[in-house]
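Right, one structure below, let's go through it.
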There are 2 protein chains.
Amino acid sequence: MKEREIKEQLVEEIGVYFEKTLQLTPLAARLYGLLMLCPKSGHSFEEIVELSQSSKSSVSVNLNLLLNNGSIEYFTKPGERKRFFRLSKNYLKVSLEKYKNQLSEELKILQKVKDFNVQYNKEKHEKHKAFAKMYTEYLETHYQNLERTINKMNQIERKFI
Amino acid sequence: MKEREIKEQLVEEIGVYFEKTLQLTPLAARLYGLLMLCPKSGHSFEEIVELSQSSKSSVSVNLNLLLNNGSIEYFTKPGERKRFFRLSKNYLKVSLEKYKNQLSEELKILQKVKDFNVQYNKEKHEKHKAFAKMYTEYLETHYQNLERTINKMNQIERKFI
DNA sequence: TTTTTAGTTCGGTATTCACTGAACTAAGTA
DNA sequence: TACTTAGTTCAGTGAATACCGAACTAAAAA
């Protein structure tokens with residue numbers, strides 16, 4: 001298989017996956033994939049329109065979406081008027097921060113559920129309680145894992161600047 | 001606030017959250033929430049129709065959806081023809097298994113991305129590489145955390161039977 | 001045997017939403 | 001000044017899909 005074909009297929013695969021996990025529009029997820037596989041020199045707007053085979057307007061909207069959430073960035077080259085796009089240095093941190101916020105939301109909800117059940121449904125299953133405890137422990141461990149990773153990334157960030 | 005109001009509000013909150021994280025239809029996510037807050041005696045189909053304020057047909061479809069993915073179960077009471085629904089004992093394991101599958105998919109995709117970039121984009125940023133390594137470590141730790149929790153749940157499962 | 005109960009299935013509707021083309025803008029070029 | 005370039009904005013379209021009511025089914029009750 002040629003580079004182009006492999007790339008197209010992989011972009012599609014990445015797209016399907018991140019469309020659901022990062023809750024992006026189909027095109028945004030595919031652009032994200034495209035930039036995961038782009039050379040260091042990035043891709044221009046034009047190129048992205050061509051490679052993604054969608055309209056200028058959609059590409060514009062979806063690139064801005066990714067720019068706004070910090071997943072991608074653009075830069076310019078001396079003498080060229082075009083913008084070149086690439087993943088931002090922190091694009092992985094953006095995902096992690098998102099997961100982290102989700103988790104803390106989930107922990108809050110589960111606490112409310114617990115409080116409600118303690119007050120109004122005193123006779124809940126023991127088994128449920130045991131599982132709920134384990135699940136909460138899992139969430140907390142995951143949360144710590146996320147925090148640790150984000151901190152490490154921040155440290156590296158400072159080192160590289 | 002009355003129990004009913006608190007419950008309605010919390011069901012809504014749970015619904016919004018699980019609609020996105022478990023990728024359920026709006027109603028399925030709310031039914032899930034309703035059953036998180038139900039008494040040990042469960043809720044009958046009728047009650048669920050009434051509490052959720054939607055049609056019999058939608059409730060039927062969405063309860064079956066949750067039954068099929070293992071999140072909920074039903075039981076009957078002697079002398080009663082109705083089914084009563086509640087969360088299944090393993091409903092939390094269902095979420096964990098789902099996350100686990102997602103993670104292993106993500107790890108596979110990232111490996112493919114890495115292979116692609118090694119082959120075709122040799123000059124990728126050092127910083128990206130450092131971050132990618134950390135992110136992969138995070139995913140692996142998370143995966144282990146999931147596995148550990150699922151195993152614990154299985155052990156408890158066996159103990160309770 | 002007829003009626004009621006407890007749900008299921010089906011066809012249609014309404015809404016959401018991503019995507020498009022076309023018109024537009026702002027900045028650089030001739 | 002007119003023209004091109006690089007994108008943006010907006011109104012409209014098409015597809016997906018969640019939900020509904022109505023007709024239906026299977027089993028129990030009368």
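Residue numbering restarts at 1 for every chain of the structure tokens, chains are lettered A, B, ... in their displayed order, and ligands are numbered from 1 as they appear.
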Got a sec to align chain B on chain A by every in-order Cα pair and hand back the fitted coordinates as a PDB file with C-alpha atoms, in the first residue's frame?
ATOM      1  CA  MET B   1      -0.027   0.022   0.021  1.00  0.00           C
ATOM      2  CA  LYS B   2       1.053   3.561  -0.775  1.00  0.00           C
ATOM      3  CA  GLU B   3       1.656   6.180   1.891  1.00  0.00           C
ATOM      4  CA  ARG B   4      -1.422   8.091   0.802  1.00  0.00           C
ATOM      5  CA  GLU B   5      -3.731   5.116   1.117  1.00  0.00           C
ATOM      6  CA  ILE B   6      -2.338   4.086   4.485  1.00  0.00           C
ATOM      7  CA  LYS B   7      -2.737   7.649   5.658  1.00  0.00           C
ATOM      8  CA  GLU B   8      -6.328   7.960   4.468  1.00  0.00           C
ATOM      9  CA  GLN B   9      -7.270   4.750   6.173  1.00  0.00           C
ATOM     10  CA  LEU B  10      -5.543   5.646   9.418  1.00  0.00           C
ATOM     11  CA  VAL B  11      -7.099   9.125   9.412  1.00  0.00           C
ATOM     12  CA  GLU B  12     -10.474   7.480   9.076  1.00  0.00           C
ATOM     13  CA  GLU B  13      -9.754   5.139  11.966  1.00  0.00           C
ATOM     14  CA  ILE B  14      -8.512   7.948  14.179  1.00  0.00           C
ATOM     15  CA  GLY B  15     -11.558   9.958  13.168  1.00  0.00           C
ATOM     16  CA  VAL B  16     -14.067   7.346  14.200  1.00  0.00           C
ATOM     17  CA  TYR B  17     -12.327   6.927  17.534  1.00  0.00           C
ATOM     18  CA  PHE B  18     -11.866  10.551  18.513  1.00  0.00           C
ATOM     19  CA  GLU B  19     -15.248  11.547  17.223  1.00  0.00           C
ATOM     20  CA  LYS B  20     -16.720   9.614  20.109  1.00  0.00           C
ATOM     21  CA  THR B  21     -14.096   9.926  22.822  1.00  0.00           C
ATOM     22  CA  LEU B  22     -13.308  13.614  22.375  1.00  0.00           C
ATOM     23  CA  GLN B  23     -16.831  14.431  21.201  1.00  0.00           C
ATOM     24  CA  LEU B  24     -15.750  16.169  18.033  1.00  0.00           C
ATOM     25  CA  THR B  25     -17.671  16.596  14.805  1.00  0.00           C
ATOM     26  CA  PRO B  26     -16.789  13.970  12.194  1.00  0.00           C
ATOM     27  CA  LEU B  27     -14.689  16.388  10.192  1.00  0.00           C
ATOM     28  CA  ALA B  28     -12.898  17.865  13.215  1.00  0.00           C
ATOM     29  CA  ALA B  29     -11.916  14.379  14.329  1.00  0.00           C
ATOM     30  CA  ARG B  30     -10.553  13.598  10.866  1.00  0.00           C
ATOM     31  CA  LEU B  31      -8.603  16.834  10.710  1.00  0.00           C
ATOM     32  CA  TYR B  32      -7.176  15.944  14.085  1.00  0.00           C
ATOM     33  CA  GLY B  33      -6.108  12.619  12.614  1.00  0.00           C
ATOM     34  CA  LEU B  34      -4.658  14.278   9.545  1.00  0.00           C
ATOM     35  CA  LEU B  35      -2.495  16.471  11.715  1.00  0.00           C
ATOM     36  CA  MET B  36      -1.366  13.535  13.822  1.00  0.00           C
ATOM     37  CA  LEU B  37       0.192  12.193  10.635  1.00  0.00           C
ATOM     38  CA  CYS B  38       1.503  15.379   9.074  1.00  0.00           C
ATOM     39  CA  PRO B  39       5.169  16.250   8.585  1.00  0.00           C
ATOM     40  CA  LYS B  40       6.902  18.714  10.855  1.00  0.00           C
ATOM     41  CA  SER B  41       6.230  21.424   8.263  1.00  0.00           C
ATOM     42  CA  GLY B  42       2.515  21.141   8.902  1.00  0.00           C
ATOM     43  CA  HIS B  43      -0.265  21.445   6.339  1.00  0.00           C
ATOM     44  CA  SER B  44      -1.651  24.600   4.760  1.00  0.00           C
ATOM     45  CA  PHE B  45      -5.368  25.358   4.691  1.00  0.00           C
ATOM     46  CA  GLU B  46      -5.465  24.534   0.984  1.00  0.00           C
ATOM     47  CA  GLU B  47      -3.746  21.206   1.485  1.00  0.00           C
ATOM     48  CA  ILE B  48      -6.128  20.320   4.268  1.00  0.00           C
ATOM     49  CA  VAL B  49      -9.120  21.125   2.068  1.00  0.00           C
ATOM     50  CA  GLU B  50      -7.690  18.879  -0.605  1.00  0.00           C
ATOM     51  CA  LEU B  51      -6.593  16.024   1.671  1.00  0.00           C
ATOM     52  CA  SER B  52      -9.820  15.967   3.643  1.00  0.00           C
ATOM     53  CA  GLN B  53     -11.916  16.222   0.491  1.00  0.00           C
ATOM     54  CA  SER B  54     -14.382  18.615   2.057  1.00  0.00           C
ATOM     55  CA  SER B  55     -15.392  22.197   1.454  1.00  0.00           C
ATOM     56  CA  LYS B  56     -13.391  25.267   2.406  1.00  0.00           C
ATOM     57  CA  SER B  57     -16.188  26.395   4.686  1.00  0.00           C
ATOM     58  CA  SER B  58     -16.338  23.179   6.662  1.00  0.00           C
ATOM     59  CA  VAL B  59     -12.591  23.035   6.965  1.00  0.00           C
ATOM     60  CA  SER B  60     -12.537  26.624   8.171  1.00  0.00           C
ATOM     61  CA  VAL B  61     -15.165  25.991  10.822  1.00  0.00           C
ATOM     62  CA  ASN B  62     -13.589  22.800  12.076  1.00  0.00           C
ATOM     63  CA  LEU B  63     -10.025  24.059  12.136  1.00  0.00           C
ATOM     64  CA  ASN B  64     -11.203  26.983  14.232  1.00  0.00           C
ATOM     65  CA  LEU B  65     -12.973  24.600  16.544  1.00  0.00           C
ATOM     66  CA  LEU B  66      -9.720  22.698  17.120  1.00  0.00           C
ATOM     67  CA  LEU B  67      -7.751  25.937  17.420  1.00  0.00           C
ATOM     68  CA  ASN B  68     -10.132  27.192  20.086  1.00  0.00           C
ATOM     69  CA  ASN B  69      -9.911  24.118  22.247  1.00  0.00           C
ATOM     70  CA  GLY B  70      -6.133  24.171  22.047  1.00  0.00           C
ATOM     71  CA  SER B  71      -5.621  20.926  20.153  1.00  0.00           C
ATOM     72  CA  ILE B  72      -3.947  22.527  17.172  1.00  0.00           C
ATOM     73  CA  GLU B  73      -2.045  25.698  16.354  1.00  0.00           C
ATOM     74  CA  TYR B  74      -0.880  27.482  13.250  1.00  0.00           C
ATOM     75  CA  PHE B  75       2.342  29.144  12.275  1.00  0.00           C
ATOM     76  CA  THR B  76       3.566  31.048   9.265  1.00  0.00           C
ATOM     77  CA  LYS B  77       6.644  30.791   7.133  1.00  0.00           C
ATOM     78  CA  PRO B  78       8.730  33.800   6.123  1.00  0.00           C
ATOM     79  CA  GLY B  79       7.607  35.155   2.788  1.00  0.00           C
ATOM     80  CA  GLU B  80       4.409  33.062   2.751  1.00  0.00           C
ATOM     81  CA  ARG B  81       1.002  34.456   3.470  1.00  0.00           C
ATOM     82  CA  LYS B  82      -0.565  31.075   4.236  1.00  0.00           C
ATOM     83  CA  ARG B  83      -1.068  29.604   7.636  1.00  0.00           C
ATOM     84  CA  PHE B  84       0.312  26.186   8.376  1.00  0.00           C
ATOM     85  CA  PHE B  85      -1.422  23.971  10.869  1.00  0.00           C
ATOM     86  CA  ARG B  86      -0.107  21.305  13.168  1.00  0.00           C
ATOM     87  CA  LEU B  87      -0.992  19.728  16.499  1.00  0.00           C
ATOM     88  CA  SER B  88      -0.174  22.069  19.361  1.00  0.00           C
ATOM     89  CA  LYS B  89       2.580  21.024  21.723  1.00  0.00           C
ATOM     90  CA  ASN B  90      -0.047  20.334  24.393  1.00  0.00           C
ATOM     91  CA  TYR B  91      -2.641  18.577  22.347  1.00  0.00           C
ATOM     92  CA  LEU B  92      -2.424  15.517  24.585  1.00  0.00           C
ATOM     93  CA  LYS B  93      -2.792  17.652  27.661  1.00  0.00           C
ATOM     94  CA  VAL B  94      -6.035  18.991  26.218  1.00  0.00           C
ATOM     95  CA  SER B  95      -7.458  15.460  26.185  1.00  0.00           C
ATOM     96  CA  LEU B  96      -6.177  14.753  29.658  1.00  0.00           C
ATOM     97  CA  GLU B  97      -7.678  17.934  31.068  1.00  0.00           C
ATOM     98  CA  LYS B  98     -10.966  17.018  29.465  1.00  0.00           C
ATOM     99  CA  TYR B  99     -10.937  13.537  30.988  1.00  0.00           C
ATOM    100  CA  LYS B 100      -9.962  15.017  34.327  1.00  0.00           C
ATOM    101  CA  ASN B 101     -12.929  17.359  34.346  1.00  0.00           C
ATOM    102  CA  GLN B 102     -15.211  14.536  33.377  1.00  0.00           C
ATOM    103  CA  LEU B 103     -13.920  12.385  36.195  1.00  0.00           C
ATOM    104  CA  SER B 104     -14.341  14.993  38.838  1.00  0.00           C
ATOM    105  CA  GLU B 105     -17.877  15.530  37.588  1.00  0.00           C
ATOM    106  CA  GLU B 106     -18.524  11.805  37.825  1.00  0.00           C
ATOM    107  CA  LEU B 107     -17.184  11.632  41.361  1.00  0.00           C
ATOM    108  CA  LYS B 108     -19.498  14.463  42.368  1.00  0.00           C
ATOM    109  CA  ILE B 109     -22.486  12.759  40.804  1.00  0.00           C
ATOM    110  CA  LEU B 110     -21.720   9.463  42.503  1.00  0.00           C
ATOM    111  CA  GLN B 111     -21.481  11.211  45.839  1.00  0.00           C
ATOM    112  CA  LYS B 112     -24.903  12.740  45.262  1.00  0.00           C
ATOM    113  CA  VAL B 113     -26.294   9.349  44.294  1.00  0.00           C
ATOM    114  CA  LYS B 114     -24.881   7.841  47.444  1.00  0.00           C
ATOM    115  CA  ASP B 115     -26.312  10.609  49.609  1.00  0.00           C
ATOM    116  CA  PHE B 116     -29.691  10.203  47.982  1.00  0.00           C
ATOM    117  CA  ASN B 117     -29.732   6.460  48.497  1.00  0.00           C
ATOM    118  CA  VAL B 118     -28.587   6.728  52.095  1.00  0.00           C
ATOM    119  CA  GLN B 119     -31.430   9.112  52.780  1.00  0.00           C
ATOM    120  CA  TYR B 120     -34.275   7.629  50.760  1.00  0.00           C
ATOM    121  CA  ASN B 121     -33.369   4.027  49.887  1.00  0.00           C
ATOM    122  CA  LYS B 122     -31.809   2.737  53.026  1.00  0.00           C
ATOM    123  CA  GLU B 123     -32.141  -0.892  52.066  1.00  0.00           C
ATOM    124  CA  LYS B 124     -29.845  -0.929  49.034  1.00  0.00           C
ATOM    125  CA  HIS B 125     -27.980  -4.100  48.099  1.00  0.00           C
ATOM    126  CA  GLU B 126     -24.778  -4.834  49.944  1.00  0.00           C
ATOM    127  CA  LYS B 127     -23.246  -6.031  46.719  1.00  0.00           C
ATOM    128  CA  HIS B 128     -23.975  -2.751  45.021  1.00  0.00           C
ATOM    129  CA  LYS B 129     -22.285  -0.946  47.845  1.00  0.00           C
ATOM    130  CA  ALA B 130     -19.172  -3.086  47.618  1.00  0.00           C
ATOM    131  CA  PHE B 131     -18.989  -2.502  43.875  1.00  0.00           C
ATOM    132  CA  ALA B 132     -19.631   1.194  44.188  1.00  0.00           C
ATOM    133  CA  LYS B 133     -16.790   1.503  46.647  1.00  0.00           C
ATOM    134  CA  MET B 134     -14.425  -0.246  44.266  1.00  0.00           C
ATOM    135  CA  TYR B 135     -15.552   1.840  41.369  1.00  0.00           C
ATOM    136  CA  THR B 136     -14.979   5.023  43.322  1.00  0.00           C
ATOM    137  CA  GLU B 137     -11.513   3.837  44.237  1.00  0.00           C
ATOM    138  CA  TYR B 138     -10.864   3.175  40.571  1.00  0.00           C
ATOM    139  CA  LEU B 139     -12.026   6.681  39.662  1.00  0.00           C
ATOM    140  CA  GLU B 140      -9.807   8.213  42.315  1.00  0.00           C
ATOM    141  CA  THR B 141      -6.768   6.266  41.191  1.00  0.00           C
ATOM    142  CA  HIS B 142      -7.484   7.275  37.630  1.00  0.00           C
ATOM    143  CA  TYR B 143      -7.824  10.883  38.664  1.00  0.00           C
ATOM    144  CA  GLN B 144      -4.439  10.778  40.391  1.00  0.00           C
ATOM    145  CA  ASN B 145      -2.917   9.170  37.346  1.00  0.00           C
ATOM    146  CA  LEU B 146      -4.287  12.012  35.209  1.00  0.00           C
ATOM    147  CA  GLU B 147      -2.996  14.664  37.565  1.00  0.00           C
ATOM    148  CA  ARG B 148       0.426  13.091  37.754  1.00  0.00           C
ATOM    149  CA  THR B 149       0.682  12.914  33.977  1.00  0.00           C
ATOM    150  CA  ILE B 150      -0.488  16.491  33.497  1.00  0.00           C
ATOM    151  CA  ASN B 151       2.061  17.684  36.036  1.00  0.00           C
ATOM    152  CA  LYS B 152       4.851  15.808  34.302  1.00  0.00           C
ATOM    153  CA  MET B 153       3.811  17.400  31.032  1.00  0.00           C
ATOM    154  CA  ASN B 154       3.869  20.828  32.603  1.00  0.00           C
ATOM    155  CA  GLN B 155       7.361  20.249  33.913  1.00  0.00           C
ATOM    156  CA  ILE B 156       8.615  19.174  30.524  1.00  0.00           C
ATOM    157  CA  GLU B 157       6.813  22.136  29.020  1.00  0.00           C
ATOM    158  CA  ARG B 158       8.812  24.507  31.204  1.00  0.00           C
ATOM    159  CA  LYS B 159      12.045  22.709  30.480  1.00  0.00           C
ATOM    160  CA  PHE B 160      11.620  23.005  26.710  1.00  0.00           C
ATOM    161  CA  ILE B 161      10.785  26.724  26.689  1.00  0.00           C
TER     162      ILE B 161
END
Please tabulate, as CSV, the residues of chain C that come within 8 Å of range 16-29 of chain D, each with its closest pair of atoms and the distance in Å to one decimal, counting only C-alpha atoms (C1' of nucleotides) and ordering rows by chain, then residue number upward.
residue,atom,partner,partner_atom,distance
C:DT4,C1',D:DA29,C1',7.3
C:DT5,C1',D:DA28,C1',7.7
C:DT8,C1',D:DT25,C1',7.7
C:DT9,C1',D:DC24,C1',7.5
Save out the residues we just selected, N, CA and C atoms (P, O5', C5', C4', C3', O3' and C1' of nucleotides), as a PDB file, in the first residue's frame.
ATOM      1  P    DT C   4     -62.361  -5.348  29.182  1.00  0.00           P
ATOM      2  O5'  DT C   4     -60.941  -5.520  29.888  1.00  0.00           O
ATOM      3  C5'  DT C   4     -60.870  -6.302  31.095  1.00  0.00           C
ATOM      4  C4'  DT C   4     -59.421  -6.607  31.415  1.00  0.00           C
ATOM      5  C3'  DT C   4     -58.494  -5.396  31.369  1.00  0.00           C
ATOM      6  O3'  DT C   4     -57.825  -5.323  32.624  1.00  0.00           O
ATOM      7  C1'  DT C   4     -57.555  -7.222  30.174  1.00  0.00           C
ATOM      8  P    DT C   5     -56.869  -4.147  33.009  1.00  0.00           P
ATOM      9  O5'  DT C   5     -55.442  -4.848  32.889  1.00  0.00           O
ATOM     10  C5'  DT C   5     -55.277  -6.160  33.404  1.00  0.00           C
ATOM     11  C4'  DT C   5     -53.887  -6.655  33.074  1.00  0.00           C
ATOM     12  C3'  DT C   5     -52.798  -5.590  33.128  1.00  0.00           C
ATOM     13  O3'  DT C   5     -51.710  -6.131  33.866  1.00  0.00           O
ATOM     14  C1'  DT C   5     -52.744  -6.696  31.041  1.00  0.00           C
ATOM     15  P    DT C   8     -40.957  -5.222  26.001  1.00  0.00           P
ATOM     16  O5'  DT C   8     -41.632  -5.394  24.558  1.00  0.00           O
ATOM     17  C5'  DT C   8     -42.087  -6.674  24.148  1.00  0.00           C
ATOM     18  C4'  DT C   8     -42.481  -6.610  22.684  1.00  0.00           C
ATOM     19  C3'  DT C   8     -41.439  -5.978  21.764  1.00  0.00           C
ATOM     20  O3'  DT C   8     -41.351  -6.816  20.619  1.00  0.00           O
ATOM     21  C1'  DT C   8     -43.506  -4.861  21.506  1.00  0.00           C
ATOM     22  P    DT C   9     -40.168  -6.556  19.548  1.00  0.00           P
ATOM     23  O5'  DT C   9     -40.947  -6.008  18.266  1.00  0.00           O
ATOM     24  C5'  DT C   9     -42.277  -6.446  18.030  1.00  0.00           C
ATOM     25  C4'  DT C   9     -42.872  -5.672  16.875  1.00  0.00           C
ATOM     26  C3'  DT C   9     -41.883  -5.031  15.903  1.00  0.00           C
ATOM     27  O3'  DT C   9     -42.409  -5.178  14.592  1.00  0.00           O
ATOM     28  C1'  DT C   9     -43.270  -3.348  16.784  1.00  0.00           C
TER      29       DT C   9
END
Exercise. Interatomic distance between C1' of DT8 in chain D and C1' of DC17 in chain C?
Worked result: 19.7 Å
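The spacing separating C1' of DT1 in chain D from C1' of DA23 in chain C amounts to 22.5 Å.
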For this session: Give me the residues within 12 Å of DC3 in chain D as JSON, numbers by chain, counting only C-alpha atoms (C1' of nucleotides) and dropping any in the same chain fewer than 3 places off.
Result: {"C": [28, 29, 30]}
Would you mind listing, for every residue of chain D within 9 Å of chain A, the two atoms forming the shortest contact and the distance between them in Å to one decimal, using only C-alpha atoms (C1' of nucleotides), sorted by chain and ascending residue number, as a tab-separated table?
residue	atom	partner	partner_atom	distance
D:DT5	C1'	A:Arg81	CA	8.5
D:DA6	C1'	A:Lys82	CA	6.8
D:DG7	C1'	A:Ser60	CA	7.5
D:DT8	C1'	A:Ser60	CA	7.4
D:DT9	C1'	A:Ser57	CA	8.7
Problem set entry | C1' of DA18 in chain C to C1' of DT13 in chain D, distance in Å rounded to a single decimal | 10.8 Å
Exercise. Could you pull out the strand (DSSP E) residues of range 1-160 of chain A from DSSP and send them as JSON, numbers by chain?
Worked result: {"A": [43, 44, 72, 73, 74, 75, 76, 83, 84, 85, 86, 87]}
